[in-house]
Amino acid sequence: MEALATQLAHIDTEPYYQSIAEEVTLFEAAHAQRLPVLLKGPTGCGKTRFVEYMAWRLKRPLVTVACHDDLTTADLVGRYLIVGNETVWVDGPLTAAVRAGAICYLDEIVEARKDTIVVIHPLADARRVLAVDKRGELVPAPAGFMLVISYNPGYQSVLKEIKPSTRQRFVALDFDYPEAAVEAGIVAREGGVDADIARRLVKLGELTRNLKGAGLDEGASTRLLIHAAQLMAAGIAPEQACTAAVARALSDDADMTDTLDDLVRAVF
Amino acid sequence: MSERRLFAAELEARLDAVLFASHSHRSATGIAEGLEALPRVQQEKLLDWVAVAAQTYAEIGYLIATLAPQAFVMLDDASFDAWVLAGLDAFDRDGGRAAMEVLRDLEGFRLKLDGDRPVVKFAEIEARLSRFLQGLSGRPLGLSISASGADAWTDTDTLYLPGQLDAQPQAGANRKLYKTLATMLWAQARFGTFGSAHCDLDAALAPWQGTEDQERALQWLAALESVRLEARVTNELPGLGAEIAAVRGLWPPSLEPLLVRLYQADATLADTLACLAECMRGSAEAPHLPHAVRIDPAIALRVRAERIARHKEILSRAIHALKGSAGHPGQRDEVMAQLAAEGGAAEINLAEKVSALPPEARAAAQSLLQDLGEVPPECLLPAGPGVWQATALKGDAETLASQLEPDCRYDEWDYRRKAYRHDWCHVFEADVPAGAADYVGAVKARHAALIRQIRRRFEMLRGENRMLGRQPEGEEIDLDAMVDALGDRRAGCEPSARLFCQRIRNQRSLAAMFMVDMSGSTKGWVNDAEREALVMLCEALESLGDAYAICGFSGWTRTRCDIYRIKHFAERYDDAVRARIAAVEAKDYTRMGVAIRHLTRLLLRQPARHRLLVTLSDGRPDDFGDEYRGHYGIEDTRRALQEAREQGVRSYCITIDRHGADYLAHMYGAAGYTVLDDVKKLPLKVADIYRRLAS
Ligand SMILES: Nc1ncnc2c1ncn2[C@@H]1O[C@H](COP(=O)(O)OP(=O)(O)OP(=O)(O)O)[C@@H](O)[C@H]1O
Ligand SMILES: [Mg+2]
C-alpha cells in the first residue's frame, strides 16, 4: 500500500531562507504552543520557502497541499479504495500529516471550497483532532503537528474570502517583499548575479510596485526578479531579460508595457 | 461666435449653399451628419475652407468636408490648414485627380509632417510620462503645461512643462528632453531641493531676497542642483542617469570645479547651498544647460506645506475612524512605528484588532514619508470624520437637476485632482416601460436564418460542457464515487448515494451584463441596431444558458444617472423582457463611469466564476455641460473599468464610433473592444463577438 500513501517530505538540507523580521521566532513559538499559523502576503514573496525552511529547522516532515476549487474533503482526509477483494483505507495528505506529526501547509486556502475548509476547524483550535468521519475515527494531533495556511490578500474577490471563523483560529504572520538591501541579497544568491545587478533588479521591482493600482494589479514579485536574474546569469542582456521576465510577465496592456519598458531602461 | 455646435440641418444648409450653389445632383446630408459632433470652432474652420476650395473646384470642397472628421482627429489645427492647402496646391499644379489623391492620403500627409517637424507636443508625451513618474515616485504627480508655455518647474505637486519642444533636430530627441526635464523636476521633490528638517532653503536664499541678485541666485541654484540631482538619479537609476547625461552634453566649464563636491551620490542641499554662496561671491552669470529647469522656492514651499497638512489630516481621520472616537493615545507610538517601518503599511494594529488603513490614508502616509522622512506623531491623533478640502465646495448649478433621493451614489474619478469625488454620481434605477409586444417577433422573422445559425453555433459551444460528478442522478455512473462507495460499504460505513455523473447544461459559470448606451446620440438607426442586437443576443444566450442581464444607461449630469433595467439576471427571457427590448430608446447623455460602477456591483452579486461586462455604445463618454466631456470622462471611464477588473470583472466594448480607436484602447485595453464600421452589422456581429469572449 506504500504507493498509495501520501509522501511525507523530509527536508534534510537547510533550504536557503533569509529571515525578514521576527517570523522565525514567532513561528517557533507558535509551534511550541501548538498554534496554527496563517501566512499572508503577495505572490512570490517567500511564503513557501519559509515553510520549507521551518520544517527543516523544526525537524518535521512537510506535507504541502495546493488548494483548488475541486478539492473535496476526501481529497484531504482520505478514502476507501478496493484493492483486489478487500477495501483499503488510504489516508489523505492531511490525515497523514496529523499521524506523522508533520507540518501541513495548505497553500492558497481561499481557493478551496468552503465546505472543505471546515474540516480543518477542529484541528485548528484547542481540540487539535481530525475527525475521519468515514472510519468513525478521531485522530488526535501529536505535539509536533502544525497546520499552516496561506493566502494572498491582494486578490480578494467577493467569492474568495476566508470566513472569520476560520481566520480567527490562526496566528497571522504578515509577509511582504523585504526591504531593498535584503531583497537584493536574496536575488543575488538565488539568481546567481552580482550585487550591483541584484540592486538594480530590486530597484526595478520597487518602481513596478509603485504602479500597483495605477494600471497594474501587482508589482513584480521577488520571484520575478529572480527569474530576470537567472536569465542574465544565463547570458541574456539585462534589458532583454527584464523585458521578458518582468515587463511582459506583468501586463499585456500596450500602454502599460511601454511604461514598464521605460522603467527597465531607467534602471539598466 | 457662439459655442454651440451646429446641428446637422444647419450644417447641411450652409454646405449646400457653398457646394451646390449652381446645380445640385447630390446632397450634403451624409456629410453634415458626420460633422455634427465637431466643436464649433472646427465646424466654422471647415465651412470656411470648403467655401474657399469650392471656389476652385466644388469636388475638392466636397471631399474636404467628407474627410474632415477624420482629419481633425489625425491633425492639429495648424496641420489641418496645411493639409487643405496641400490639396489646393496639387490642384493648381496637376489638376483635380492629383488633388483628390493628396487629400485622401491623410496618413501619408501626417507622416510626412512628423518627419519634417521635430516638434513634440506636451499632449503626445503626457500619458506615458505620467505613468513613468507614477512608477518613479509611487504617488501621482500632476503634469501640466506651464503658464508661460516655455519653462519647466514644479510646485512639488505638479510638474509644469513646456507646451511643446522643438529645440532638437529630431522628434525623438525632443521627446527625450521632455523626459529629462520631468525627471529633473521629480528629482527636485525626491531629493530635497526644497529643504528638509535640517536644511532651510528659504533661510539660505534670504541674503539675495529682494536684491537685484535674486534672479541670478535662483539660476545658480538651479544649475548647481542639476549637478547634484543628476548624481543622485544616476546612483539610483543608472539607465536614467545616462539619458540625462546624454541630453546635458559636456559640463559647462564653470561647473567643472564643483563636480567633486556636488556630483556625489550623497551630496545634499547643504552642499549645493555652500557652492551657491561661493558662486554668488563672484559676479558670473549661471551657465546655461539644455535641460535647465526653474526653481521657484516660494510656491514650492507653500504647496509642500499644504500637502503635508492635507495628508496629516487624512491620516488622522482614517485613524480616528478605525479607533472610534475614544482613541487610545497609548497606542499612537506603536502605530507610528509601524507606519514608519513599512512605508504606510496596509494594516495597522489598533486595540488588538487588525484593521486595514483605507488606500487613501495609506497613500497619505507614504507621501508624508517622502516629504518628511517620517510620519509625524501629531497626525496620528484622531480627527473628526470627513474629507479634507482645499477650498469650500463651489455651489454647482446642476444640483437643481434633481432633488430626489437616489437609489445609490458612486464616487467619480477626477483625473485633474488624481482623486475621487465622493458620492458624486446619483444613480436612479427603473424598468424600461413595456413597448410593442410584437417587435421581437418581427425581428425574429426578419432574421430567421441568422438566428438559426447563431443557435447552432452556440449549441456547439454548449456541447463542450463537462460532466458533473457525484450527483444523486445522471446519465452515467461516476466511477470514482462508485469505488468510494463500495469501499465504504465493505468497511461497514454508510456509502454515499451520489454515484452519478450528470451532463450539466450550464457548467460554464459565466455571468454577463450587457450595458446598452441609451444616450441621445443613438437616436435613429443606432438605436434600431441596438434593439435588434439585443434580440440576437438573447436568442444566443438562451441556447447557451449563461446567466445574463441587460441594462440601458443614460442621464443628465451627475445628479441624474439613470439605469434602465431591461432584463435582470433572475428573470427569464419572457414576454415582459421582449416588450422592454422593444422600448429601448434614445434618451439623454452618456456618463459612462458611474454606469460601469453600478453594473459591476450588480454583476458581483452573481455567484459565477467569470463575470463579463459588455458595453454597446456609439461614442465616447459625454455628459451635459463641459465637465464630463473629453479627457475627464475618458479617464473616469478608464478608472471605473480598472476598478471592475480589480474585482474580477472583464469588460469589453462594442462600438460603432469610427474614431473610437484613439480612446478605446486607453479605456478598455488593446484587446478589449471592437469597432464596427457599419452600425447595420451590430446585430450580425454581436452574438459572434460574445461567442469569442465567452468560450
Ligand atoms: N526571504 C527569502 N529567502 C530566500 N528566498 C526567498 C525569500 N523570499 C523569496 N525568496 C525567493 O523567491 C521565490 C518565490 O518565493 P515562494 O515560492 O516562497 O513564494 P510564495 O510566497 O510562496 O508565492 P505564492 O504565493 O505565489 O506561492 C523563492 O523560490 C525564493 O527563491
Ligand atoms: Mg507558494
# chains A, B, ... in the order shown; residues from 1 in each chain; ligands from 1

call {"tool": "interface_residues", "arguments": {"of": "chain B", "to": "chain A", "cutoff": "9 Å", "atoms": "only C-alpha atoms", "output": "MDAnalysis selection string"}}
result
chainID B and resid 127:129 131:132 134:140 236:243 342 483:495 604:605 607:609 639 642:643 645:648 665:666 669:671

call {"tool": "residues_near_ligand", "arguments": {"ligand": "ligand 2", "cutoff": "9 Å", "atoms": "only C-alpha atoms and all ligand atoms", "output": "PyMOL selection string"}}
result
chain A and resi 43-49+66+107-108+150

call {"tool": "closest_atom_pairs", "arguments": {"of": "chain A", "to": "ligand 1", "cutoff": "10 Å", "atoms": "only C-alpha atoms and all ligand atoms", "output": "CSV"}}
result
residue,atom,partner,partner_atom_place_in_ligand_line,distance
A:Pro15,CA,ligand 1,4 (C),8.2
A:Tyr16,CA,ligand 1,4 (C),5.4
A:Tyr17,CA,ligand 1,3 (N),3.6
A:Gln18,CA,ligand 1,3 (N),3.8
A:Ser19,CA,ligand 1,1 (N),5.5
A:Ile20,CA,ligand 1,1 (N),6.2
A:Ala21,CA,ligand 1,1 (N),9.6
A:Leu39,CA,ligand 1,21 (O),8.7
A:Lys40,CA,ligand 1,21 (O),8.5
A:Gly41,CA,ligand 1,21 (O),6.6
A:Pro42,CA,ligand 1,25 (O),6.0
A:Thr43,CA,ligand 1,26 (O),3.6
A:Gly44,CA,ligand 1,23 (O),3.3
A:Cys45,CA,ligand 1,21 (O),4.0
A:Gly46,CA,ligand 1,18 (O),3.1
A:Lys47,CA,ligand 1,21 (O),3.6
A:Thr48,CA,ligand 1,18 (O),3.6
A:Arg49,CA,ligand 1,18 (O),3.9
A:Phe50,CA,ligand 1,18 (O),6.3
A:Val51,CA,ligand 1,18 (O),8.0
A:Glu52,CA,ligand 1,18 (O),8.6
A:Tyr53,CA,ligand 1,3 (N),9.1
A:Ala66,CA,ligand 1,27 (O),9.0
A:Asp107,CA,ligand 1,27 (O),7.0
A:Glu108,CA,ligand 1,25 (O),7.1
A:Ser150,CA,ligand 1,25 (O),7.6
A:Tyr151,CA,ligand 1,25 (O),7.0
A:Asn152,CA,ligand 1,25 (O),6.4
A:Phe175,CA,ligand 1,21 (O),7.9
A:Asp176,CA,ligand 1,21 (O),8.6
A:Tyr177,CA,ligand 1,8 (N),7.3
A:Pro178,CA,ligand 1,1 (N),7.2
A:Val182,CA,ligand 1,1 (N),8.2
A:Glu183,CA,ligand 1,8 (N),7.4
A:Gly185,CA,ligand 1,3 (N),8.8
A:Ile186,CA,ligand 1,4 (C),5.6
A:Val187,CA,ligand 1,11 (C),7.4
A:Arg189,CA,ligand 1,5 (N),8.5
A:Glu190,CA,ligand 1,31 (O),5.4
A:Gly191,CA,ligand 1,31 (O),7.8
A:Ser221,CA,ligand 1,14 (C),7.8
A:Thr222,CA,ligand 1,12 (O),5.1
A:Arg223,CA,ligand 1,12 (O),4.3
A:Leu224,CA,ligand 1,12 (O),8.0
A:Leu225,CA,ligand 1,12 (O),8.4
A:Ile226,CA,ligand 1,31 (O),6.8
A:His227,CA,ligand 1,13 (C),9.0

call {"tool": "atom_distance", "arguments": {"atom1": "atom CA of Ala65 of chain B", "atom2": "atom CA of Leu46 of chain B"}}
result
7.0 Å

call {"tool": "atom_distance", "arguments": {"atom1": "atom CA of Val577 of chain B", "atom2": "atom CA of Thr600 of chain B"}}
result
21.1 Å

call {"tool": "residues_around", "arguments": {"residues": "Leu229 of chain B", "least_positions_apart": "2", "cutoff": "10 Å", "atoms": "only C-alpha atoms", "output": "list in words"}}
result
Thr183, Met184, Leu185, Trp186, Ala187, Gln188, Arg190, Phe191, Gly192, Thr193, Leu224, Glu225, Ser226, Val227, Ala231, Arg232, Val233, Thr234, Asn235, Gly241, Leu262, Tyr263, Gln264, Ala265, Ala267, Thr268 and Leu269 of chain B

call {"tool": "residues_around", "arguments": {"residues": "Ala497 of chain B", "least_positions_apart": "5", "cutoff": "10 Å", "atoms": "only C-alpha atoms", "output": "ChimeraX atom specification"}}
result
/B:470-473,481-482,485

call {"tool": "write_last_selection", "arguments": {"atoms": "N, CA and C atoms", "output": "compact mmCIF listing (two decimals), in the first residue's frame"}}
result
# COMPACT_ATOMS: atom_id res chain seq x y z
N ARG B 470 -20.44 12.99 -8.95
CA ARG B 470 -21.03 12.81 -7.62
C ARG B 470 -22.40 13.46 -7.49
N GLN B 471 -23.27 13.13 -8.45
CA GLN B 471 -24.62 13.65 -8.43
C GLN B 471 -25.58 12.54 -8.01
N PRO B 472 -26.71 12.92 -7.40
CA PRO B 472 -27.68 11.90 -6.98
C PRO B 472 -28.29 11.18 -8.18
N GLU B 473 -28.34 11.85 -9.35
CA GLU B 473 -28.83 11.16 -10.53
C GLU B 473 -28.09 11.68 -11.75
N ALA B 481 -16.84 7.81 -7.59
CA ALA B 481 -17.80 7.79 -6.49
C ALA B 481 -18.17 6.35 -6.16
N MET B 482 -18.31 5.54 -7.22
CA MET B 482 -18.67 4.15 -7.05
C MET B 482 -17.62 3.41 -6.22
N ALA B 485 -17.82 4.39 -2.70
CA ALA B 485 -19.00 3.84 -2.03
C ALA B 485 -18.80 2.36 -1.72

call {"tool": "residues_around", "arguments": {"residues": "Ala233 of chain A", "least_positions_apart": "2", "cutoff": "12 Å", "atoms": "only C-alpha atoms", "output": "MDAnalysis selection string"}}
result
chainID A and resid 187:194 197:198 226:231 235:238 241

call {"tool": "write_last_selection", "arguments": {"atoms": "all heavy atoms", "output": "compact mmCIF listing (two decimals), in the first residue's frame"}}
result
# COMPACT_ATOMS: atom_id res chain seq x y z
N VAL A 187 18.00 38.08 -4.23
CA VAL A 187 18.05 38.00 -5.68
C VAL A 187 19.45 37.60 -6.15
O VAL A 187 19.61 36.77 -7.05
CB VAL A 187 17.63 39.35 -6.32
CG1 VAL A 187 17.87 39.34 -7.82
CG2 VAL A 187 16.16 39.63 -6.03
N ALA A 188 20.47 38.17 -5.51
CA ALA A 188 21.84 37.85 -5.91
C ALA A 188 22.12 36.37 -5.71
O ALA A 188 22.62 35.68 -6.59
CB ALA A 188 22.83 38.68 -5.09
N ARG A 189 21.71 35.88 -4.58
CA ARG A 189 22.02 34.49 -4.26
C ARG A 189 21.19 33.51 -5.09
O ARG A 189 21.70 32.58 -5.68
CB ARG A 189 21.78 34.29 -2.77
CG ARG A 189 21.54 32.89 -2.42
CD ARG A 189 22.24 32.43 -1.23
NE ARG A 189 22.05 30.99 -1.21
CZ ARG A 189 22.40 30.22 -0.22
NH1 ARG A 189 23.00 30.74 0.80
NH2 ARG A 189 22.16 28.93 -0.28
N GLU A 190 19.87 33.73 -5.14
CA GLU A 190 19.01 32.80 -5.86
C GLU A 190 19.17 32.92 -7.37
O GLU A 190 18.99 31.97 -8.11
CB GLU A 190 17.54 33.04 -5.50
CG GLU A 190 17.20 32.68 -4.09
CD GLU A 190 16.98 31.17 -3.94
OE1 GLU A 190 15.95 30.69 -4.44
OE2 GLU A 190 17.82 30.51 -3.34
N GLY A 191 19.46 34.15 -7.82
CA GLY A 191 19.54 34.37 -9.25
C GLY A 191 20.95 34.20 -9.80
O GLY A 191 21.13 34.18 -11.01
N GLY A 192 21.93 34.14 -8.91
CA GLY A 192 23.29 33.97 -9.38
C GLY A 192 23.84 35.18 -10.11
O GLY A 192 24.51 35.06 -11.13
N VAL A 193 23.53 36.36 -9.60
CA VAL A 193 24.09 37.57 -10.21
C VAL A 193 24.84 38.37 -9.15
O VAL A 193 24.70 38.11 -7.95
CB VAL A 193 22.98 38.48 -10.82
CG1 VAL A 193 22.35 37.81 -12.02
CG2 VAL A 193 21.92 38.80 -9.77
N ASP A 194 25.63 39.36 -9.61
CA ASP A 194 26.42 40.12 -8.64
C ASP A 194 25.56 41.15 -7.92
O ASP A 194 24.41 41.40 -8.28
CB ASP A 194 27.65 40.76 -9.30
CG ASP A 194 27.26 41.79 -10.33
OD1 ASP A 194 26.19 42.44 -10.15
OD2 ASP A 194 27.99 41.97 -11.32
N ILE A 197 23.92 44.15 -10.00
CA ILE A 197 22.75 43.78 -10.82
C ILE A 197 21.56 43.49 -9.91
O ILE A 197 20.44 43.91 -10.19
CB ILE A 197 23.09 42.56 -11.69
CG1 ILE A 197 24.11 43.00 -12.73
CG2 ILE A 197 21.83 41.98 -12.32
CD1 ILE A 197 24.20 42.15 -13.94
N ALA A 198 21.80 42.81 -8.81
CA ALA A 198 20.71 42.49 -7.90
C ALA A 198 20.07 43.77 -7.37
O ALA A 198 18.86 43.91 -7.30
CB ALA A 198 21.22 41.64 -6.75
N ILE A 226 13.98 37.30 -9.49
CA ILE A 226 14.94 36.19 -9.53
C ILE A 226 14.96 35.58 -10.94
O ILE A 226 16.02 35.26 -11.47
CB ILE A 226 14.58 35.12 -8.47
CG1 ILE A 226 14.83 35.71 -7.08
CG2 ILE A 226 15.39 33.85 -8.66
CD1 ILE A 226 14.38 34.84 -5.93
N HIS A 227 13.77 35.47 -11.53
CA HIS A 227 13.74 34.95 -12.90
C HIS A 227 14.60 35.81 -13.83
O HIS A 227 15.38 35.29 -14.63
CB HIS A 227 12.31 34.93 -13.44
CG HIS A 227 11.46 33.88 -12.80
ND1 HIS A 227 10.12 33.79 -13.01
CD2 HIS A 227 11.77 32.90 -11.93
CE1 HIS A 227 9.62 32.79 -12.32
NE2 HIS A 227 10.60 32.23 -11.65
N ALA A 228 14.43 37.13 -13.73
CA ALA A 228 15.22 38.01 -14.58
C ALA A 228 16.71 37.80 -14.32
O ALA A 228 17.53 37.72 -15.24
CB ALA A 228 14.84 39.47 -14.34
N ALA A 229 17.06 37.67 -13.04
CA ALA A 229 18.46 37.46 -12.68
C ALA A 229 18.97 36.16 -13.29
O ALA A 229 20.08 36.11 -13.84
CB ALA A 229 18.61 37.42 -11.16
N GLN A 230 18.15 35.13 -13.23
CA GLN A 230 18.58 33.84 -13.77
C GLN A 230 18.81 33.92 -15.28
O GLN A 230 19.75 33.32 -15.80
CB GLN A 230 17.54 32.76 -13.43
CG GLN A 230 17.62 32.37 -11.95
CD GLN A 230 16.45 31.51 -11.50
OE1 GLN A 230 15.38 31.53 -12.11
NE2 GLN A 230 16.66 30.76 -10.43
N LEU A 231 17.93 34.67 -15.96
CA LEU A 231 18.15 34.84 -17.40
C LEU A 231 19.48 35.54 -17.66
O LEU A 231 20.23 35.18 -18.56
CB LEU A 231 17.01 35.65 -18.03
CG LEU A 231 15.65 34.96 -18.11
CD1 LEU A 231 14.64 35.86 -18.82
CD2 LEU A 231 15.76 33.63 -18.85
N GLY A 235 23.32 34.55 -19.49
CA GLY A 235 23.95 35.28 -20.59
C GLY A 235 23.02 36.19 -21.39
O GLY A 235 23.43 36.79 -22.38
N ILE A 236 21.76 36.33 -20.98
CA ILE A 236 20.86 37.23 -21.69
C ILE A 236 21.17 38.68 -21.25
O ILE A 236 21.46 38.93 -20.09
CB ILE A 236 19.39 36.92 -21.35
CG1 ILE A 236 19.07 35.44 -21.57
CG2 ILE A 236 18.44 37.80 -22.13
CD1 ILE A 236 18.94 35.02 -22.99
N ALA A 237 21.09 39.60 -22.21
CA ALA A 237 21.35 41.01 -21.89
C ALA A 237 20.32 41.52 -20.89
O ALA A 237 19.16 41.13 -20.95
CB ALA A 237 21.31 41.84 -23.16
N PRO A 238 20.75 42.41 -19.99
CA PRO A 238 19.86 42.85 -18.90
C PRO A 238 18.50 43.37 -19.38
O PRO A 238 17.46 42.95 -18.86
CB PRO A 238 20.65 43.98 -18.23
CG PRO A 238 22.07 43.70 -18.55
CD PRO A 238 22.09 42.99 -19.86
N ALA A 241 16.36 40.58 -20.63
CA ALA A 241 15.97 39.69 -19.54
C ALA A 241 14.83 40.31 -18.74
O ALA A 241 13.84 39.64 -18.41
CB ALA A 241 17.16 39.40 -18.64

call {"tool": "select_by_dssp", "arguments": {"residues": "segment 28-141 of chain A", "states": "alpha helix (DSSP H)", "output": "PyMOL selection string"}}
result
chain A and resi 28-32+47-57+73-77+93-100+114-117

call {"tool": "residues_around", "arguments": {"residues": "segment 67-69 of chain A", "least_positions_apart": "4", "cutoff": "12 Å", "atoms": "only C-alpha atoms", "output": "PyMOL selection string"}}
result
(chain A and resi 73+75-76+93+105-117+149-151+159-160) or (chain B and resi 609)

call {"tool": "residues_around", "arguments": {"residues": "Pro253 of chain B", "least_positions_apart": "3", "cutoff": "12 Å", "atoms": "only C-alpha atoms", "output": "VMD selection string"}}
result
chain B and resid 249 to 250 256 to 259 286 to 289

call {"tool": "atom_distance", "arguments": {"atom1": "atom CA of Thr180 of chain B", "atom2": "atom CA of Ala152 of chain B"}}
result
10.7 Å

call {"tool": "select_by_dssp", "arguments": {"residues": "segment 8-224 of chain A", "states": "strand (DSSP E or B)", "output": "number ranges by chain"}}
result
A: 9, 37-40, 62-66, 78-83, 86-91, 103-107, 129-132, 137-140, 146-151, 157, 160, 171-174, 212, 216
